[in-house]
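Student: File name final.txt; file contents compact mmCIF, C-alpha atoms; full text below.
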# COMPACT_ATOMS: atom_id res chain seq x y z
CA MET A 16 0.00 0.00 0.00
CA SER A 17 1.42 3.38 -0.97
CA SER A 18 1.93 6.05 1.68
CA GLU A 19 -0.46 8.32 -0.22
CA VAL A 20 -3.27 5.76 -0.08
CA SER A 21 -2.53 5.04 3.58
CA ALA A 22 -2.69 8.75 4.45
CA ARG A 23 -6.00 9.06 2.61
CA ARG A 24 -7.43 6.16 4.59
CA ASP A 25 -6.38 7.68 7.91
CA ALA A 26 -7.33 11.34 7.24
CA LYS A 27 -9.71 12.88 9.80
CA LYS A 28 -11.80 16.04 10.07
CA LEU A 29 -13.54 17.83 12.93
CA VAL A 30 -17.32 18.27 12.62
CA ARG A 31 -20.01 19.58 14.95
CA SER A 32 -23.25 17.70 15.46
CA PRO A 33 -26.19 18.54 17.77
CA SER A 34 -24.57 16.24 20.32
CA GLY A 35 -21.05 17.70 20.26
CA LEU A 36 -17.74 17.76 18.41
CA ARG A 37 -16.73 14.63 16.52
CA MET A 38 -13.43 13.65 14.88
CA VAL A 39 -14.60 11.62 11.89
CA PRO A 40 -12.87 10.13 8.82
CA GLU A 41 -12.29 12.55 5.94
CA HIS A 42 -13.95 10.00 3.69
CA ARG A 43 -16.96 8.12 5.01
CA ALA A 44 -15.89 4.95 3.18
CA PHE A 45 -12.82 4.77 5.43
CA GLY A 46 -14.73 4.91 8.73
CA SER A 47 -14.10 2.34 11.46
CA PRO A 48 -16.27 -0.79 11.15
CA PHE A 49 -16.71 -0.64 14.94
CA GLY A 50 -18.34 2.79 14.73
CA LEU A 51 -21.97 3.60 15.49
CA GLU A 52 -24.12 6.21 13.79
CA GLU A 53 -25.61 8.98 15.92
CA PRO A 54 -29.20 8.11 16.83
CA GLN A 55 -32.24 10.13 15.84
CA TRP A 56 -33.43 12.03 18.92
CA VAL A 57 -36.97 11.42 20.11
CA PRO A 58 -38.74 14.68 19.10
CA ASP A 59 -39.28 17.15 21.95
CA LYS A 60 -43.03 17.25 21.30
CA GLU A 61 -43.20 13.52 22.02
CA CYS A 62 -41.28 13.89 25.30
CA ARG A 63 -43.79 14.73 28.00
CA ARG A 64 -42.21 12.58 30.69
CA CYS A 65 -38.82 11.04 31.47
CA MET A 66 -38.51 7.72 29.67
CA GLN A 67 -36.84 6.21 32.75
CA CYS A 68 -38.54 7.49 35.92
CA ASP A 69 -41.69 8.98 34.33
CA ALA A 70 -41.09 12.40 35.90
CA LYS A 71 -43.14 15.10 34.16
CA PHE A 72 -41.11 17.74 32.36
CA ASP A 73 -41.76 21.35 33.35
CA PHE A 74 -39.87 24.58 33.96
CA LEU A 75 -37.83 23.01 36.79
CA THR A 76 -37.50 19.47 35.42
CA ARG A 77 -35.62 19.86 32.17
CA LYS A 78 -35.44 17.23 29.43
CA HIS A 79 -32.17 15.84 28.07
CA HIS A 80 -31.42 13.45 25.23
CA CYS A 81 -29.02 10.56 25.65
CA ARG A 82 -26.37 10.87 22.93
CA ARG A 83 -26.15 7.11 22.52
CA CYS A 84 -29.80 6.00 22.33
CA GLY A 85 -31.54 9.31 21.54
CA LYS A 86 -34.23 8.81 24.19
CA CYS A 87 -35.46 11.60 26.45
CA PHE A 88 -34.71 11.75 30.20
CA CYS A 89 -34.69 14.08 33.17
CA ASP A 90 -31.37 15.35 34.51
CA LYS A 91 -31.35 12.78 37.31
CA CYS A 92 -31.64 9.87 34.85
CA CYS A 93 -29.25 11.32 32.27
CA SER A 94 -26.58 13.20 34.19
CA GLN A 95 -23.45 11.19 33.35
CA LYS A 96 -21.01 12.44 30.76
CA VAL A 97 -19.05 9.49 29.41
CA PRO A 98 -16.65 9.04 26.46
CA LEU A 99 -18.42 7.62 23.42
CA ARG A 100 -15.61 6.73 21.04
CA ARG A 101 -17.71 4.51 18.82
CA MET A 102 -19.43 7.70 17.64
CA CYS A 103 -16.10 9.59 17.48
CA PHE A 104 -16.99 12.26 20.04
CA VAL A 105 -14.01 14.35 21.10
CA ASP A 106 -15.30 14.98 24.64
CA PRO A 107 -17.46 12.91 27.03
CA VAL A 108 -21.16 13.29 26.21
CA ARG A 109 -24.40 13.02 28.19
CA GLN A 110 -25.78 9.50 28.40
CA CYS A 111 -28.51 7.69 30.32
CA ALA A 112 -27.46 5.25 33.04
CA GLU A 113 -27.94 2.16 30.85
CA CYS A 114 -25.98 3.54 27.91
CA ALA A 115 -23.27 4.97 30.18
CA LEU A 116 -22.67 1.48 31.59
CA VAL A 117 -22.21 0.06 28.09
CA SER A 118 -19.89 2.90 27.06
CA HIS A 119 -17.77 2.42 30.19
CA LYS A 120 -17.32 -1.26 29.29
CA GLU A 121 -16.35 -0.36 25.72
CA ALA A 122 -13.75 2.09 27.02
CA GLU A 123 -11.57 -0.87 28.04
CA PHE A 124 -11.43 -1.96 24.41
CA TYR A 125 -10.31 1.47 23.22
CA ASP A 126 -7.92 2.09 26.11
CA ARG A 127 -6.25 -1.31 26.18
CA GLN A 128 -7.27 -3.93 23.64
CA LEU A 129 -7.26 -1.69 20.58
CA LYS A 130 -3.62 -0.82 21.30
CA VAL A 131 -2.80 -4.55 21.41
CA LEU A 132 -4.44 -5.09 18.01
CA LEU A 133 -2.60 -2.14 16.47
CA SER A 134 0.76 -3.37 17.84
CA GLY A 135 0.26 -6.83 16.33
CA ALA A 136 1.53 -10.28 17.25
CA THR A 137 3.23 -13.23 15.59
CA PHE A 138 1.31 -16.33 14.47
CA LEU A 139 1.56 -19.34 12.25
CA VAL A 140 -1.02 -18.61 9.55
CA THR A 141 -2.73 -21.33 7.55
CA PHE A 142 -4.99 -20.42 4.63
CA GLY A 143 -7.92 -22.65 3.69
CA ASN A 144 -7.16 -26.37 3.78
CA SER A 145 -3.48 -25.94 3.07
CA GLU A 146 -1.05 -28.07 5.04
CA LYS A 147 1.56 -25.31 4.92
CA SER A 148 1.76 -22.50 7.47
CA GLU A 149 3.63 -19.22 7.28
CA THR A 150 4.97 -17.19 10.18
CA MET A 151 3.35 -13.77 9.94
CA ILE A 152 2.81 -10.65 12.01
CA CYS A 153 -0.91 -9.91 12.27
CA ARG A 154 -2.09 -6.42 13.19
CA LEU A 155 -5.02 -4.09 12.81
CA SER A 156 -4.59 -1.12 10.47
CA ASN A 157 -4.53 2.38 11.98
CA ASN A 158 -8.00 3.17 10.63
CA GLN A 159 -9.27 -0.13 12.09
CA ARG A 160 -10.65 -1.27 8.72
CA TYR A 161 -8.13 -3.96 7.77
CA LEU A 162 -6.32 -6.90 9.23
CA PHE A 163 -2.76 -6.88 7.89
CA LEU A 164 -0.76 -10.12 7.68
CA ASP A 165 2.92 -9.69 6.91
CA GLY A 166 5.54 -12.38 6.36
CA ASP A 167 7.17 -13.47 3.13
CA SER A 168 3.92 -12.27 1.58
CA HIS A 169 1.38 -9.57 2.47
CA TYR A 170 -2.39 -9.92 2.88
CA GLU A 171 -5.12 -7.47 3.77
CA ILE A 172 -8.48 -8.64 5.08
CA GLU A 173 -11.28 -6.10 5.42
CA ILE A 174 -12.63 -6.33 8.96
CA ALA A 175 -16.20 -5.65 7.84
CA HIS A 176 -16.09 -8.76 5.64
CA ILE A 177 -15.18 -11.14 8.48
CA SER A 178 -18.18 -13.39 9.15
CA THR A 179 -16.82 -15.82 11.75
CA VAL A 180 -14.34 -15.41 14.60
CA GLN A 181 -13.71 -18.43 16.80
CA ILE A 182 -11.12 -18.68 19.56
CA LEU A 183 -9.26 -22.01 19.58
CA THR A 184 -8.40 -23.35 23.03
CA GLU A 185 -6.88 -26.38 24.68
CA GLY A 186 -6.88 -27.93 28.15
CA PHE A 187 -8.03 -26.63 31.49
CA PRO A 188 -5.58 -25.52 34.19
CA PRO A 189 -5.40 -27.55 37.43
CA GLY A 190 -7.98 -26.41 39.97
CA GLY A 191 -10.31 -25.02 37.32
CA GLY A 192 -10.29 -21.80 35.35
CA ASN A 193 -10.39 -20.87 31.70
CA ALA A 194 -8.97 -22.94 28.88
CA ARG A 195 -5.76 -21.69 27.29
CA ALA A 196 -6.15 -19.75 24.03
CA THR A 197 -4.00 -21.26 21.31
CA GLY A 198 -5.25 -19.62 18.13
CA MET A 199 -8.17 -18.30 16.14
CA PHE A 200 -10.27 -19.42 13.20
CA LEU A 201 -11.53 -16.73 10.81
CA GLN A 202 -13.94 -16.84 7.88
CA TYR A 203 -14.33 -13.89 5.54
CA THR A 204 -15.46 -12.91 2.08
CA VAL A 205 -13.30 -11.31 -0.60
CA PRO A 206 -15.05 -8.68 -2.77
CA GLY A 207 -15.48 -9.88 -6.34
CA THR A 208 -15.21 -13.57 -5.45
CA GLU A 209 -17.75 -16.19 -4.51
CA GLY A 210 -17.76 -18.30 -1.39
CA VAL A 211 -16.04 -17.89 1.95
CA THR A 212 -12.30 -17.85 2.59
CA GLN A 213 -10.92 -19.17 5.85
CA LEU A 214 -7.68 -18.98 7.75
CA LYS A 215 -6.28 -20.21 11.01
CA LEU A 216 -3.97 -18.31 13.34
CA THR A 217 -1.88 -20.40 15.73
CA ALA A 218 0.13 -18.84 18.55
CA VAL A 219 3.79 -19.77 18.22
CA GLU A 220 4.98 -21.92 21.13
CA ASP A 221 8.43 -20.33 21.30
CA ALA A 222 8.33 -17.79 24.11
CA ASN A 223 11.02 -15.78 22.37
CA VAL A 224 8.54 -14.55 19.75
CA GLY A 225 6.02 -13.35 22.30
CA ARG A 226 3.42 -16.02 23.03
CA ARG A 227 1.95 -13.88 25.79
CA GLN A 228 1.50 -11.03 23.32
CA ALA A 229 -0.16 -13.42 20.85
CA VAL A 230 -2.66 -14.59 23.48
CA ALA A 231 -3.47 -10.97 24.40
CA TRP A 232 -3.98 -10.22 20.70
CA LEU A 233 -6.41 -13.16 20.36
CA VAL A 234 -8.46 -11.96 23.32
CA ALA A 235 -8.55 -8.42 21.93
CA MET A 236 -9.60 -9.66 18.49
CA HIS A 237 -12.44 -11.64 20.04
CA LYS A 238 -13.68 -8.47 21.77
CA ALA A 239 -13.35 -6.56 18.49
CA ALA A 240 -15.52 -9.17 16.77
CA LYS A 241 -18.28 -8.65 19.34
CA LEU A 242 -18.24 -4.90 18.69
CA LEU A 243 -18.29 -5.55 14.95
CA TYR A 244 -21.39 -7.71 15.19
CA GLU A 245 -23.09 -5.13 17.42
CA SER A 246 -22.35 -2.44 14.82
CA ARG A 247 -24.05 -4.54 12.12
CA ASP A 248 -27.17 -4.88 14.27
CA GLN A 249 -27.59 -1.11 14.67
How does the structure come out when it is put into structure tokens?
Tutor:
Amino acid sequence: MSSEVSARRDAKKLVRSPSGLRMVPEHRAFGSPFGLEEPQWVPDKECRRCMQCDAKFDFLTRKHHCRRCGKCFCDKCCSQKVPLRRMCFVDPVRQCAECALVSHKEAEFYDRQLKVLLSGATFLVTFGNSEKSETMICRLSNNQRYLFLDGDSHYEIEIAHISTVQILTEGFPPGGGNARATGMFLQYTVPGTEGVTQLKLTAVEDANVGRRQAVAWLVAMHKAAKLLYESRDQ
């Protein structure tokens, strides 16, 4: 990929919406697949009472719209200002208690797991039913739209076209606990082709190439897949 194309993919611009300032992609086609569109606000004329506690709106009880769901609430039920990165807001925005809880949970992905995905990790990569594997560094692109695989060859998989993400595990530690993540199975479609392509990522056993980092990357990718599926349901 040329540096010019890469820069075009990553270009951002600052825009103002009714909900606040947003840093969005210069070109809509290069937006993050994990992003959410701003909701349509419930019209003021339809908001007679708080949609949480049923308090009647009047001169003293003001109405507020949650920036995540667009519903109408009193100040008591919609007082939290929480980062909402999936909608690209620059500053924390007002959200109802239910939405604020979801946004707080998503913050871990953006603060920790996204950095792991961008840094990448080393895996043995097997395409389709091939018996041959290639050692490759797998990482998420800066604009979050592509999965890059680099070794002797280079592949780009569009995140939005991934249909299946399955963590591969083995064994259970003594005394109980979670099984150990060993790899990941992905299925995706390639534009212009028919059928589904699949690949398998296997964490390299040699500690010298960062097995711990590979496991952290697998966990982060699994979380990313959940956000991706949620985005499709919006």
Student: Which of these residues is nearest to Lys28 of chain A, using all atoms listed in the file: A:Pro40, A:Asp69, A:His79, A:Ala115?
Tutor: A:Pro40
Student: Pick the closest to Pro98 of chain A from A:Asp73, A:Leu36, A:Lys147, A:Leu129: which is it, counting only C-alpha atoms?
Tutor: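 With only C-alpha atoms as the atom set, the closest residue is A:Leu36.
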Student: Against segment 208-222 of chain A, which residues of segment 60-158 of chain A fall within 6 Å? For each one I want the closest pair of atoms and the distance in Å (one decimal), counting all atoms listed in the file, rows by chain and increasing residue number, as a tab-separated table.
Tutor:
residue	atom	partner	partner_atom	distance
A:Phe138	CA	A:Ala218	CA	4.9
A:Leu139	CA	A:Thr217	CA	5.0
A:Val140	CA	A:Leu216	CA	4.8
A:Thr141	CA	A:Lys215	CA	5.1
A:Phe142	CA	A:Leu214	CA	4.4
A:Gly143	CA	A:Gln213	CA	5.1
Student: Ranking A:Cys103, A:Ile152, A:Gln110, A:Ser134 by minimum distance to Val30 of chain A and counting all atoms listed in the file, which one comes first?
Tutor: A:Cys103
Student: Let me make sure I understand: among A:Gly225, A:Pro206, A:Gly198, A:Gly35, which one has the smallest atom-to-atom distance to His176 of chain A if we use all atoms listed in the file?
Tutor: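 Once distances to His176 of chain A are computed over all atoms listed in the file, the minimum belongs to A:Pro206.
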Student: Kindly give the distance, in Å, that separates atom CA of Glu171 of chain A and atom CA of His237 of chain A, rounded to a single decimal.
Tutor: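 Interatomic distance, atom CA of Glu171 of chain A to atom CA of His237 of chain A: 18.3 Å.
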